[in-house]
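*Asks:* Quick one, entry.cif (mmCIF, C-alpha atoms):
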data_structure
loop_
_atom_site.label_atom_id
_atom_site.label_comp_id
_atom_site.auth_asym_id
_atom_site.auth_seq_id
_atom_site.Cartn_x
_atom_site.Cartn_y
_atom_site.Cartn_z
CA MET Q 28 82.81 113.78 80.31
CA SER Q 29 79.92 114.98 82.39
CA ILE Q 30 80.23 115.92 86.03
CA TYR Q 31 78.23 112.85 87.05
CA LYS Q 32 80.66 110.59 85.22
CA GLU Q 33 83.64 112.30 86.87
CA PHE Q 34 82.07 111.43 90.20
CA THR Q 35 81.10 107.83 89.53
CA LYS Q 36 84.36 106.76 87.90
CA GLY Q 37 86.12 107.03 91.28
CA LEU Q 38 83.58 104.74 92.92
CA MET Q 39 83.75 101.83 90.52
CA SER Q 40 85.61 101.82 87.23
CA GLU Q 41 88.63 103.75 88.54
CA ASN Q 42 88.39 102.93 92.23
CA PRO Q 43 91.69 104.12 93.76
CA VAL Q 44 92.25 101.02 95.87
CA PHE Q 45 90.77 98.16 93.89
CA ILE Q 46 91.53 99.32 90.33
CA LEU Q 47 94.28 101.96 90.42
CA LEU Q 48 96.04 100.32 93.40
CA LEU Q 49 97.06 103.67 94.86
CA GLY Q 50 97.48 104.49 98.54
CA MET Q 51 98.28 100.93 99.60
CA CYS Q 52 100.10 101.99 102.79
CA PRO Q 53 97.07 103.30 104.71
CA THR Q 54 94.88 100.69 103.01
CA LEU Q 55 96.86 97.84 104.52
CA ALA Q 56 97.85 99.48 107.77
CA VAL Q 57 94.72 100.98 109.28
CA THR Q 58 91.95 98.69 108.07
CA ASN Q 59 92.00 96.42 111.12
CA ASN Q 60 88.43 97.40 111.87
CA ALA Q 61 85.55 99.18 110.16
CA VAL Q 62 85.71 102.35 112.27
CA ASN Q 63 89.41 102.95 111.54
CA GLY Q 64 88.86 102.34 107.83
CA LEU Q 65 85.99 104.80 107.73
CA GLY Q 66 87.92 107.43 109.71
CA MET Q 67 90.98 107.17 107.47
CA GLY Q 68 88.81 107.29 104.35
CA ILE Q 69 87.03 110.45 105.45
CA ALA Q 70 90.29 112.15 106.43
CA THR Q 71 91.72 111.38 102.98
CA LEU Q 72 88.49 112.56 101.34
CA PHE Q 73 88.84 115.97 103.00
CA VAL Q 74 92.48 116.36 101.97
CA LEU Q 75 91.68 115.28 98.42
CA LEU Q 76 88.77 117.71 98.16
CA GLY Q 77 90.76 120.64 99.53
CA SER Q 78 93.86 120.05 97.43
CA ASN Q 79 91.85 119.45 94.24
CA ILE Q 80 89.88 122.69 94.71
CA VAL Q 81 92.93 124.84 95.44
CA ILE Q 82 95.13 123.32 92.75
CA SER Q 83 92.46 123.61 90.06
CA MET Q 84 92.00 127.27 91.06
CA ILE Q 85 95.68 128.22 90.94
CA ARG Q 86 96.67 125.89 88.10
CA HIS Q 87 97.35 128.78 85.67
CA LEU Q 88 99.56 130.60 88.18
CA ILE Q 89 101.87 127.71 88.96
CA PRO Q 90 105.01 127.60 86.78
CA LYS Q 91 105.38 124.18 85.24
CA LYS Q 92 108.88 123.64 86.55
CA VAL Q 93 107.96 123.93 90.21
CA ARG Q 94 104.49 122.43 90.05
CA ILE Q 95 105.25 119.33 92.14
CA PRO Q 96 106.68 121.34 95.10
CA CYS Q 97 103.66 123.65 94.86
CA TYR Q 98 101.24 120.69 94.96
CA ILE Q 99 103.08 119.17 97.89
CA VAL Q 100 102.90 122.44 99.85
CA VAL Q 101 99.14 122.65 99.22
CA ILE Q 102 98.58 118.99 100.11
CA ALA Q 103 100.78 119.16 103.23
CA SER Q 104 98.86 122.21 104.44
CA PHE Q 105 95.54 120.43 104.11
CA VAL Q 106 96.89 117.33 105.84
CA THR Q 107 98.12 119.43 108.77
CA ILE Q 108 94.73 121.14 108.98
CA VAL Q 109 92.93 117.79 109.01
CA ASP Q 110 95.39 116.49 111.62
CA LEU Q 111 94.80 119.48 113.90
CA LEU Q 112 91.02 119.31 113.46
CA MET Q 113 91.01 115.59 114.24
CA GLN Q 114 93.10 116.16 117.37
CA ALA Q 115 90.63 118.79 118.50
CA TYR Q 116 87.27 117.28 117.57
CA ALA Q 117 87.53 113.58 116.60
CA PRO Q 118 87.13 110.89 119.27
CA ARG Q 119 90.49 110.47 120.99
CA ALA Q 120 90.50 106.70 120.48
CA LEU Q 121 90.08 107.07 116.71
CA TYR Q 122 92.86 109.65 116.48
CA GLU Q 123 95.20 107.43 118.47
CA ALA Q 124 94.33 104.35 116.41
CA LEU Q 125 95.12 106.13 113.12
CA GLY Q 126 98.29 107.55 114.66
CA ILE Q 127 101.10 108.27 112.22
CA PHE Q 128 98.93 107.47 109.21
CA VAL Q 129 97.10 110.80 109.31
CA PRO Q 130 100.29 112.88 108.73
CA LEU Q 131 101.30 110.29 106.16
CA ILE Q 132 98.34 111.23 103.92
CA VAL Q 133 100.84 113.78 102.51
CA VAL Q 134 102.63 111.01 100.67
CA ASN Q 135 99.47 109.17 99.67
CA CYS Q 136 99.72 108.59 95.94
CA ILE Q 137 96.04 109.25 95.31
CA VAL Q 138 96.18 112.84 96.47
CA LEU Q 139 99.24 113.85 94.43
CA GLY Q 140 98.05 111.65 91.58
CA ARG Q 141 94.71 113.40 91.29
CA ALA Q 142 96.39 116.82 91.58
CA GLU Q 143 98.79 116.05 88.75
CA ALA Q 144 96.50 113.99 86.53
CA PHE Q 145 93.21 115.82 86.99
CA ALA Q 146 93.08 119.06 88.98
CA SER Q 147 95.99 120.63 87.08
CA LYS Q 148 94.15 120.14 83.79
CA ASN Q 149 90.48 120.67 84.66
CA GLY Q 150 88.18 123.31 86.07
CA THR Q 151 87.19 123.64 89.71
CA VAL Q 152 83.73 122.05 89.43
CA ALA Q 153 85.03 118.99 87.59
CA SER Q 154 87.87 118.72 90.12
CA ILE Q 155 85.42 118.78 93.01
CA ALA Q 156 83.42 115.97 91.39
CA ASP Q 157 86.63 114.03 90.79
CA ALA Q 158 87.83 114.50 94.38
CA LEU Q 159 84.47 113.45 95.82
CA GLY Q 160 84.33 110.39 93.60
CA MET Q 161 87.90 109.31 94.36
CA GLY Q 162 87.51 110.13 98.06
CA PHE Q 163 84.28 108.17 98.45
CA GLY Q 164 85.72 105.33 96.39
CA PHE Q 165 88.73 105.21 98.74
CA THR Q 166 86.48 105.41 101.83
CA LEU Q 167 84.25 102.66 100.48
CA ALA Q 168 87.19 100.38 99.77
CA LEU Q 169 88.72 100.97 103.22
CA LEU Q 170 85.36 100.42 104.91
CA LEU Q 171 84.84 97.19 102.97
CA LEU Q 172 88.31 95.89 103.79
CA GLY Q 173 88.14 97.03 107.42
CA GLY Q 174 84.68 95.56 107.91
CA ALA Q 175 85.66 92.23 106.35
CA ARG Q 176 88.82 92.02 108.47
CA GLU Q 177 87.02 92.94 111.67
CA PHE Q 178 84.29 90.39 110.99
CA LEU Q 179 86.70 87.59 110.13
CA ALA Q 180 88.95 88.40 113.08
CA SER Q 181 86.39 88.61 115.86
CA GLY Q 182 82.90 88.24 114.41
CA SER Q 183 82.03 91.85 115.07
CA LEU Q 184 81.32 94.97 113.01
CA PHE Q 185 81.78 98.56 114.22
CA GLN Q 186 82.92 97.01 117.54
CA ILE Q 187 79.55 95.33 118.02
CA LYS Q 188 79.73 91.57 118.36
CA LEU Q 189 77.46 89.99 115.77
CA ILE Q 190 78.32 86.37 116.51
CA GLU Q 191 78.09 85.87 120.24
CA GLY Q 192 80.34 83.34 121.87
CA TRP Q 193 83.19 84.05 119.44
CA SER Q 194 85.72 84.54 122.20
CA GLN Q 195 89.05 83.71 120.55
CA ASP Q 196 90.11 86.31 117.99
CA PHE Q 197 91.38 85.05 114.62
CA MET Q 198 94.48 87.19 114.89
CA LEU Q 199 95.81 86.60 111.38
CA MET Q 200 93.06 88.77 109.94
CA GLY Q 201 93.59 91.55 112.44
CA GLN Q 202 97.25 91.95 111.51
CA ALA Q 203 99.24 92.88 108.41
CA PRO Q 204 99.31 89.44 106.71
CA GLY Q 205 95.53 89.28 106.88
CA ALA Q 206 95.31 92.64 105.13
CA PHE Q 207 97.49 91.40 102.28
CA ILE Q 208 95.59 88.13 101.93
CA LEU Q 209 92.17 89.76 101.96
CA LEU Q 210 93.16 92.55 99.58
CA GLY Q 211 94.56 89.93 97.21
CA ILE Q 212 91.30 87.98 97.34
CA PHE Q 213 89.28 91.15 96.69
CA LEU Q 214 91.47 92.14 93.74
CA GLY Q 215 91.22 88.64 92.31
CA LEU Q 216 87.45 88.62 92.54
CA ILE Q 217 87.16 92.05 90.92
CA ASN Q 218 89.47 91.03 88.08
CA LEU Q 219 87.48 87.83 87.62
CA ALA Q 220 84.21 89.76 87.40
CA ASN Q 221 85.69 92.24 84.92
CA MET Q 222 87.14 89.44 82.84
CA ARG Q 223 83.78 87.63 82.63
CA LYS Q 224 82.07 90.86 81.69
CA ALA Q 225 84.63 91.58 78.97
CA LYS Q 226 84.30 88.05 77.57
CA LYS Q 227 80.54 88.38 77.38
CA GLU Q 228 80.95 91.61 75.43
CA GLY Q 229 83.48 89.94 73.22
CA ARG Q 230 86.56 92.05 73.92
CA ASP Q 231 89.98 91.40 75.36
CA TYR Q 232 90.53 92.11 79.02
CA ALA Q 233 93.80 93.37 80.42
CA PRO Q 234 94.04 93.80 84.19
CA PRO Q 235 94.57 97.45 85.08
CA GLY Q 236 98.19 98.48 85.23
CA LEU Q 237 99.13 95.73 82.80
CA GLU Q 238 98.12 97.49 79.61
CA CYS Q 239 100.59 97.53 76.73
CA ARG Q 240 102.02 100.95 77.36
CA GLN Q 241 103.30 99.99 80.82
CA CYS Q 242 104.49 96.52 80.07
CA ASN Q 243 107.32 95.97 77.64
CA LEU Q 244 107.43 92.21 77.90
CA CYS Q 245 106.50 91.58 74.28
CA ASN Q 246 109.11 94.08 73.07
CA LEU Q 247 111.72 92.21 75.06
CA GLY Q 248 110.58 88.99 73.45
CA GLU Q 249 111.01 90.45 69.97
CA LYS Q 250 114.55 91.53 70.71
CA GLU Q 251 115.47 88.15 72.01
CA GLY Q 252 113.79 86.30 69.19
CA MET J 4 95.45 138.96 83.72
CA ARG J 5 95.72 136.91 80.55
CA LEU J 6 98.85 138.81 79.57
CA CYS J 7 100.34 138.27 82.94
CA VAL J 8 99.67 134.54 82.70
CA GLU J 9 101.18 134.39 79.21
CA ASN J 10 104.25 136.19 80.48
CA MET J 11 104.59 133.80 83.35
CA LYS J 12 104.44 130.83 81.05
CA LYS J 13 107.22 132.21 78.89
CA GLN J 14 109.45 133.15 81.76
CA THR J 15 111.68 130.43 83.02
CA ASN J 16 113.97 132.63 85.05
CA ILE J 17 114.73 131.29 88.47
CA PRO J 18 113.73 134.36 90.57
CA MET J 19 110.20 134.03 89.21
CA LEU J 20 109.98 130.38 90.18
CA VAL J 21 111.36 131.12 93.62
CA LEU J 22 108.92 133.98 94.06
CA THR J 23 105.87 131.89 93.13
CA LEU J 24 106.88 129.00 95.32
CA SER J 25 107.64 131.22 98.30
CA LEU J 26 104.35 133.03 97.81
CA ILE J 27 102.41 129.76 97.91
CA ALA J 28 104.44 128.52 100.89
CA GLY J 29 103.90 131.86 102.67
CA ILE J 30 100.14 131.73 102.20
CA ALA J 31 100.09 128.10 103.35
CA ALA J 32 102.14 128.98 106.45
CA ALA J 33 99.82 131.85 107.34
CA LEU J 34 96.78 129.62 106.94
CA LEU J 35 98.33 126.91 109.09
CA GLY J 36 99.21 129.42 111.79
CA TRP J 37 95.61 130.58 111.87
CA VAL J 38 94.20 127.04 112.07
CA TYR J 39 96.75 126.21 114.79
CA LEU J 40 95.59 129.16 116.88
CA LEU J 41 91.96 128.18 116.34
CA THR J 42 92.47 124.57 117.40
CA ALA J 43 95.04 125.07 120.19
CA ASP J 44 92.41 125.42 122.90
CA PRO J 45 90.14 122.55 121.79
CA ILE J 46 93.18 120.25 121.53
CA ALA J 47 94.33 121.16 125.03
CA ALA J 48 90.77 120.63 126.27
CA ALA J 49 90.55 117.23 124.56
CA LEU J 50 93.84 116.11 126.14
CA GLN J 51 92.72 117.41 129.52
CA GLU J 52 89.44 115.58 129.17
CA LYS J 53 91.26 112.34 128.42
CA THR J 54 93.40 112.72 131.57
CA ASN J 55 90.34 113.68 133.62
CA ALA J 56 88.33 110.71 132.35
CA ALA J 57 91.15 108.33 133.27
CA LEU J 58 91.63 110.00 136.67
CA SER J 59 87.97 109.80 137.59
CA GLU J 60 88.09 106.07 136.83
CA VAL J 61 90.89 105.37 139.29
CA LEU J 62 90.26 107.94 142.02
CA PRO J 63 87.51 107.97 144.65
CA ALA J 64 85.02 110.84 144.64
CA PHE J 65 86.79 114.22 144.54
CA ASP J 66 85.85 117.85 144.16
CA ASN J 67 89.21 119.43 143.35
CA ARG J 68 91.05 119.28 140.05
CA PRO J 69 93.64 116.50 140.40
CA ALA J 70 95.09 117.23 136.97
CA ASP J 71 96.25 120.60 138.32
CA GLU J 72 97.65 119.21 141.57
CA THR J 73 100.57 117.03 140.66
CA VAL J 74 103.64 116.05 142.61
CA THR J 75 106.50 114.26 140.88
CA ARG J 76 108.64 111.77 142.78
CA GLY J 77 111.28 109.97 140.77
CA ASP J 78 109.64 108.40 137.73
CA VAL J 79 106.14 108.70 139.11
CA LYS J 80 103.74 111.61 138.77
CA PHE J 81 101.15 111.70 141.56
CA TYR J 82 97.75 113.35 141.27
CA VAL J 83 96.08 114.34 144.51
CA ALA J 84 92.33 113.90 145.00
CA ARG J 85 90.48 115.70 147.80
CA LYS J 86 86.95 116.11 148.93
CA ASP J 87 86.00 118.95 151.27
CA GLY J 88 89.70 119.65 151.76
CA GLN J 89 90.45 116.10 152.96
CA ILE J 90 92.79 113.92 150.87
CA THR J 91 90.77 110.97 149.62
CA GLY J 92 93.37 109.30 147.46
CA PHE J 93 96.25 109.52 145.06
CA ALA J 94 96.76 108.45 141.47
CA GLY J 95 100.25 107.56 140.34
CA GLU J 96 101.25 107.64 136.71
CA THR J 97 104.44 106.20 135.30
CA VAL J 98 105.86 105.26 131.91
CA THR J 99 107.78 102.01 131.57
CA PRO J 100 109.94 101.32 128.52
CA LYS J 101 109.73 97.57 129.13
CA GLY J 102 106.66 96.92 126.96
CA TYR J 103 106.88 94.51 124.06
CA ASN J 104 106.52 97.37 121.62
CA GLY J 105 107.74 100.55 123.27
CA ASP J 106 106.44 102.55 126.19
CA VAL J 107 103.52 101.53 128.36
CA THR J 108 101.86 104.22 130.48
CA VAL J 109 100.23 102.95 133.66
CA LEU J 110 97.90 104.90 135.92
CA ALA J 111 97.09 103.44 139.34
CA GLY J 112 94.75 104.72 142.02
CA LEU J 113 95.97 104.54 145.62
CA THR J 114 94.24 104.98 148.96
CA PRO J 115 95.86 107.49 151.33
CA ASP J 116 97.59 104.59 153.13
CA GLY J 117 99.05 103.19 149.92
CA ALA J 118 96.83 100.27 148.83
CA VAL J 119 96.21 100.02 145.08
CA THR J 120 92.56 100.56 144.17
CA THR J 121 92.39 100.44 140.39
CA VAL J 122 94.93 100.03 137.59
CA LEU J 123 94.53 101.44 134.10
CA VAL J 124 96.86 101.33 131.12
CA THR J 125 96.42 104.68 129.40
CA GLN J 126 98.86 104.35 126.52
CA GLN J 127 100.44 101.33 124.86
CA ALA J 128 101.37 99.86 121.51
CA GLU J 129 101.34 96.17 122.42
CA THR J 130 100.48 93.34 120.04
CA PRO J 131 96.73 93.32 119.34
CA GLY J 132 95.19 90.16 120.73
CA LEU J 133 98.13 89.26 122.99
CA GLY J 134 99.59 92.24 124.81
CA THR J 135 96.29 94.09 124.64
CA VAL J 136 94.63 91.29 126.62
CA VAL J 137 96.73 92.52 129.54
CA THR J 138 96.24 96.24 128.95
CA ASP J 139 92.71 96.74 127.63
CA ARG J 140 89.58 97.11 129.65
CA LYS J 141 86.98 96.73 126.98
CA ARG J 142 83.28 96.33 127.30
CA GLN J 143 82.05 94.03 124.60
CA LYS J 144 78.93 95.27 122.89
CA THR J 145 76.77 92.50 121.53
CA LEU J 146 73.86 92.68 119.13
CA SER J 147 71.39 91.08 121.54
CA GLY J 148 72.65 93.40 124.29
CA LEU J 149 71.96 96.43 122.11
CA ILE J 150 68.46 95.21 121.23
CA LYS J 151 67.63 94.58 124.88
CA GLY J 152 69.06 97.99 125.64
CA ALA J 153 71.27 96.58 128.36
CA CYS J 154 73.29 99.34 129.93
CA GLN J 155 76.42 98.37 131.83
CA ILE J 156 78.12 100.97 133.93
CA GLY J 157 81.40 101.07 135.76
CA LEU J 158 84.83 100.03 134.65
CA PRO J 159 84.96 96.84 132.54
CA PRO J 160 86.85 94.11 134.43
CA ASN J 161 90.25 92.82 133.40
CA PRO J 162 91.54 89.93 135.57
CA VAL J 163 95.20 90.78 135.02
CA LEU J 164 94.82 94.44 135.97
CA ASP J 165 92.32 93.70 138.76
CA GLN J 166 94.73 91.38 140.60
CA PHE J 167 96.61 94.45 141.86
CA ASN J 168 93.55 95.75 143.69
CA GLY J 169 94.22 95.98 147.41
CA MET J 170 97.93 95.23 147.06
CA LYS J 171 100.30 97.36 149.05
CA ALA J 172 104.05 97.83 148.86
CA GLU J 173 106.20 98.20 151.96
CA VAL J 174 109.41 100.18 152.16
CA LYS J 175 112.38 98.20 150.76
CA GLN J 176 110.23 95.31 149.60
CA THR J 177 111.41 92.92 146.90
CA PRO J 178 109.66 93.79 143.66
CA TRP J 179 106.51 91.95 142.69
CA ALA J 180 107.11 89.43 139.92
CA VAL J 181 105.06 87.27 137.61
CA LYS J 182 104.81 83.54 138.41
CA LYS J 183 107.28 82.69 135.67
CA ASP J 184 109.92 84.75 137.51
CA GLY J 185 109.04 83.10 140.81
CA GLY J 186 106.57 85.75 141.96
CA GLN J 187 102.88 85.82 142.72
CA LEU J 188 101.42 87.77 139.79
CA ASP J 189 99.32 86.10 137.14
CA ALA J 190 100.42 86.73 133.56
CA VAL J 191 98.77 86.19 130.19
CA THR J 192 100.28 83.31 128.24
CA GLY J 193 102.05 84.72 125.20
CA ALA J 194 102.22 88.17 126.73
CA THR J 195 104.66 87.63 129.59
CA ILE J 196 106.70 90.69 128.62
CA THR J 197 103.66 92.96 128.72
CA SER J 198 102.46 91.42 132.00
CA ARG J 199 105.92 91.94 133.48
CA ALA J 200 106.02 95.55 132.30
CA VAL J 201 102.61 96.38 133.78
CA GLY J 202 103.39 94.58 137.05
CA GLY J 203 106.71 96.40 137.30
CA ALA J 204 105.09 99.76 136.66
CA VAL J 205 102.40 99.22 139.30
CA PHE J 206 105.10 98.16 141.75
CA THR J 207 107.14 101.29 140.96
CA ILE J 208 104.10 103.44 141.72
CA ALA J 209 103.24 101.60 144.95
CA GLU J 210 106.85 101.48 146.17
CA THR J 211 107.52 105.14 145.36
CA PHE J 212 104.39 106.01 147.29
CA ALA J 213 105.43 103.91 150.27
CA ASN J 214 108.88 105.49 150.32
CA GLN J 215 107.67 109.03 149.87
CA ARG J 216 104.37 108.88 151.73
CA GLU J 217 105.31 111.38 154.47
CA THR J 218 106.74 114.03 152.18
CA LEU J 219 103.88 113.56 149.72
CA MET J 220 101.25 114.06 152.39
CA GLU J 221 103.13 117.06 153.75
CA GLU J 222 103.52 118.69 150.39
CA SER J 223 99.92 118.14 149.37
CA ASN J 224 98.57 119.36 152.72
CA ARG J 225 100.24 122.71 152.33
#
How does the structure come out when it is put into structure tokens?
*Replies:*
Amino acid sequence: MSIYKEFTKGLMSENPVFILLLGMCPTLAVTNNAVNGLGMGIATLFVLLGSNIVISMIRHLIPKKVRIPCYIVVIASFVTIVDLLMQAYAPRALYEALGIFVPLIVVNCIVLGRAEAFASKNGTVASIADALGMGFGFTLALLLLGGAREFLASGSLFQIKLIEGWSQDFMLMGQAPGAFILLGIFLGLINLANMRKAKKEGRDYAPPGLECRQCNLCNLGEKEG
Amino acid sequence: MRLCVENMKKQTNIPMLVLTLSLIAGIAAALLGWVYLLTADPIAAALQEKTNAALSEVLPAFDNRPADETVTRGDVKFYVARKDGQITGFAGETVTPKGYNGDVTVLAGLTPDGAVTTVLVTQQAETPGLGTVVTDRKRQKTLSGLIKGACQIGLPPNPVLDQFNGMKAEVKQTPWAVKKDGGQLDAVTGATITSRAVGGAVFTIAETFANQRETLMEESNR
């Protein structure tokens, strides 16, 4: 696969939030407005880039048996660096709004997932492209979700009121249930679009994560029957 | 190099694994130490700036550094503001655990004779849309306002926090209470607990000041 393809797959066809469904904790927790979503996305992008570069560089030196602890040490270091840099240079309000979710990037599935599935098997340049693609895909998804929630909650975007006279906030959207509802609607729409596209091209469509190798439902049926 | 790598792959002995892992952890620790040293000063400066920004909102004009001149009395930390050597006001800061969702930090400006001038909530984790109505002073930016280039200065108003302005506690006074508890303070419907917590914190600051006024003045005049 070319470098360009490594980059674009993270944006659309393998988008970490909408297709791979990884990193749901920050996705649901911090997207109450567009600024927080963007800030979290960029922080994750930096961690992903750093860990992918380092892990692809030292992938031949890491013994297979202790590779996960090694990845975690690398990832945790980058998260701490990002945390310190944000404390020092990011706007204080943004840092306080993201709160505990910046240190929690350590356990974000995307970062470890890309280290294990991509950086440990590919060269540095390809890993950089992969990290940028996945990072921007994550940022894009968070921005989209955050923007939609902020707009539906209070009629504003990036803290600027677009619909004047909207004085009562629609609090459901600003809080956790709204995140779940909106993410569900987004996922449904994306699956619908993919299904239509697959039908037009005349092939079967299986929603991601429900391909045969993960689901053993039909095997169970055989045993019972 | 290649040979070394091949060897490493074959070896599964534990000392080797331990060595590699500790090497990586050691390098990571060294790197983190370096970044920590680099960012220690900017982080302290950013925190200081936050305190200073909040202090300059609640205090009258001053030319000293109130953040460096603090006096603690009970639960309240007082910052002293002076201009040309004269005390122009105090700012009291206290943390109350009575918020709906953990601690609420309240900062209140006081005149030298103890009347509240401005109240700010500097740290809270209240429910967005309910508790934050009590605690936030937020200027709403609108699209038409941005196009017109309207520039609003000064502290954004908040009716719940502004009701304390000019209030003064006497020594041994009964605490201020929200109307629901038979007091005089206005509260936000649906956020009585937050309103109570903020009112209680402002009262603590004002009362502590009233009780300790002499010693505070004495200590800060030294």
*Asks:* Looking at Q:Ile108, Q:Tyr232, Q:Met161, Q:Glu191, which one is nearest to Q:Leu219, with distances taken over all atoms listed in the file?
*Replies:*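 Checking each of Q:Ile108, Q:Tyr232, Q:Met161, Q:Glu191 against Q:Leu219, counting all atoms listed in the file, the winner is Q:Tyr232.
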*Asks:* To verify the selection step, state as an mmCIF file with C-alpha atoms, in the coordinates of the input which residues the PyMOL selection byres ((chain J) within 9 of (chain Q)) yields on this input.
*Replies:*
data_model
loop_
_atom_site.group_PDB
_atom_site.id
_atom_site.type_symbol
_atom_site.label_atom_id
_atom_site.label_comp_id
_atom_site.auth_asym_id
_atom_site.auth_seq_id
_atom_site.Cartn_x
_atom_site.Cartn_y
_atom_site.Cartn_z
ATOM 1 C CA VAL J 8 99.670 134.540 82.700
ATOM 2 C CA MET J 11 104.590 133.800 83.350
ATOM 3 C CA LYS J 12 104.440 130.830 81.050
ATOM 4 C CA GLN J 14 109.450 133.150 81.760
ATOM 5 C CA THR J 15 111.680 130.430 83.020
ATOM 6 C CA MET J 19 110.200 134.030 89.210
ATOM 7 C CA LEU J 20 109.980 130.380 90.180
ATOM 8 C CA VAL J 21 111.360 131.120 93.620
ATOM 9 C CA THR J 23 105.870 131.890 93.130
ATOM 10 C CA LEU J 24 106.880 129.000 95.320
ATOM 11 C CA ILE J 27 102.410 129.760 97.910
ATOM 12 C CA ALA J 28 104.440 128.520 100.890
ATOM 13 C CA ALA J 31 100.090 128.100 103.350
ATOM 14 C CA ALA J 32 102.140 128.980 106.450
ATOM 15 C CA LEU J 34 96.780 129.620 106.940
ATOM 16 C CA LEU J 35 98.330 126.910 109.090
ATOM 17 C CA VAL J 38 94.200 127.040 112.070
ATOM 18 C CA TYR J 39 96.750 126.210 114.790
ATOM 19 C CA THR J 42 92.470 124.570 117.400
ATOM 20 C CA ALA J 43 95.040 125.070 120.190
ATOM 21 C CA ASP J 44 92.410 125.420 122.900
ATOM 22 C CA PRO J 45 90.140 122.550 121.790
ATOM 23 C CA ILE J 46 93.180 120.250 121.530
ATOM 24 C CA ALA J 47 94.330 121.160 125.030
ATOM 25 C CA ALA J 48 90.770 120.630 126.270
ATOM 26 C CA ALA J 49 90.550 117.230 124.560
ATOM 27 C CA LEU J 50 93.840 116.110 126.140
ATOM 28 C CA LYS J 53 91.260 112.340 128.420
ATOM 29 C CA PRO J 131 96.730 93.320 119.340
ATOM 30 C CA GLY J 132 95.190 90.160 120.730
ATOM 31 C CA GLN J 143 82.050 94.030 124.600
ATOM 32 C CA LYS J 144 78.930 95.270 122.890
ATOM 33 C CA THR J 145 76.770 92.500 121.530
ATOM 34 C CA LEU J 146 73.860 92.680 119.130
ATOM 35 C CA SER J 147 71.390 91.080 121.540
ATOM 36 C CA LEU J 149 71.960 96.430 122.110
#
*Asks:* I'd like the neighbourhood of stretch 158-174 of chain J as a list in words, where a residue qualifies if any of its atoms comes within 6 Å (using only C-alpha atoms), though same-chain residues fewer than 4 positions away should be ignored.
*Replies:*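 Skipping anything fewer than 4 positions along the chain leaves Ala118, Val119, Thr120, Thr121, Val122, Val137, Arg140, Lys141, Arg142, Ala209, Glu210, Ala213 and Asn214 of chain J.
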*Asks:* Write the residues of the selection above to a file with C-alpha atoms, as an mmCIF file, keeping the file's coordinate frame.
*Replies:*
data_model
loop_
_atom_site.group_PDB
_atom_site.id
_atom_site.type_symbol
_atom_site.label_atom_id
_atom_site.label_comp_id
_atom_site.auth_asym_id
_atom_site.auth_seq_id
_atom_site.Cartn_x
_atom_site.Cartn_y
_atom_site.Cartn_z
ATOM 1 C CA ALA J 118 96.830 100.270 148.830
ATOM 2 C CA VAL J 119 96.210 100.020 145.080
ATOM 3 C CA THR J 120 92.560 100.560 144.170
ATOM 4 C CA THR J 121 92.390 100.440 140.390
ATOM 5 C CA VAL J 122 94.930 100.030 137.590
ATOM 6 C CA VAL J 137 96.730 92.520 129.540
ATOM 7 C CA ARG J 140 89.580 97.110 129.650
ATOM 8 C CA LYS J 141 86.980 96.730 126.980
ATOM 9 C CA ARG J 142 83.280 96.330 127.300
ATOM 10 C CA ALA J 209 103.240 101.600 144.950
ATOM 11 C CA GLU J 210 106.850 101.480 146.170
ATOM 12 C CA ALA J 213 105.430 103.910 150.270
ATOM 13 C CA ASN J 214 108.880 105.490 150.320
#
*Asks:* Tell me, in Å to one decimal, how far atom CA of Q:Gly173 is from atom CA of Q:Thr58.
*Replies:*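 For atom CA of Q:Gly173 relative to atom CA of Q:Thr58, the distance reads 4.2 Å.
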*Asks:* Written as a JSON list (two decimals) with C-alpha atoms, keeping the file's coordinate frame, what is the full residue list that the PyMOL selection byres ((chain J and resi 193) around 8) yields on the file shown?
*Replies:*
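Written out: expr-v1.json:
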[["chain", "number", "residue", "atom", "x", "y", "z"],
["J", 133, "LEU", "CA", 98.13, 89.26, 122.99],
["J", 134, "GLY", "CA", 99.59, 92.24, 124.81],
["J", 191, "VAL", "CA", 98.77, 86.19, 130.19],
["J", 192, "THR", "CA", 100.28, 83.31, 128.24],
["J", 194, "ALA", "CA", 102.22, 88.17, 126.73],
["J", 195, "THR", "CA", 104.66, 87.63, 129.59]]
*Asks:* Could you tell me how far atom CA of J:Asn55 lies from atom CA of J:Ala70, in Å and to one decimal?
*Replies:* 6.8 Å
*Asks:* Given only C-alpha atoms as the basis, pick out the residue of Q:Leu169, Q:Leu72, Q:Ile30, Q:Ala175 nearest to Q:Val138.
*Replies:* Q:Leu72
*Asks:* Here's a test: counting all atoms listed in the file, identify every protein, DNA and RNA residue with an atom at most 9 Å from (85.8, 103.5, 99.4) in the file's coordinate frame, and state them as an MDAnalysis selection string.
*Replies:* chainID Q and resid 37:38 42:44 65 68 161:171
*Asks:* Please provide as a ChimeraX atom specification all residues within 10 Å of J:Lys183, with the sequence filter that same-chain residues fewer than 4 positions apart are discarded (counting all atoms listed in the file).
*Replies:* /J:187-190,195,199
*Asks:* Do you know which residues are at most 6 Å from stretch 98-115 of chain J counting only C-alpha atoms, after dropping those on the same chain fewer than 2 positions away, and could you put them as a PyMOL selection string?
*Replies:* chain J and resi 61-62+92-96+117-129+196-197+200
*Asks:* Using all atoms listed in the file, which residue out of Q:Glu177, Q:Pro130, Q:Leu159, Q:Leu48 lies closest to Q:Gly64?
*Replies:*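 Looking only at the distances to Q:Gly64, the closest residue turns out to be Q:Glu177.
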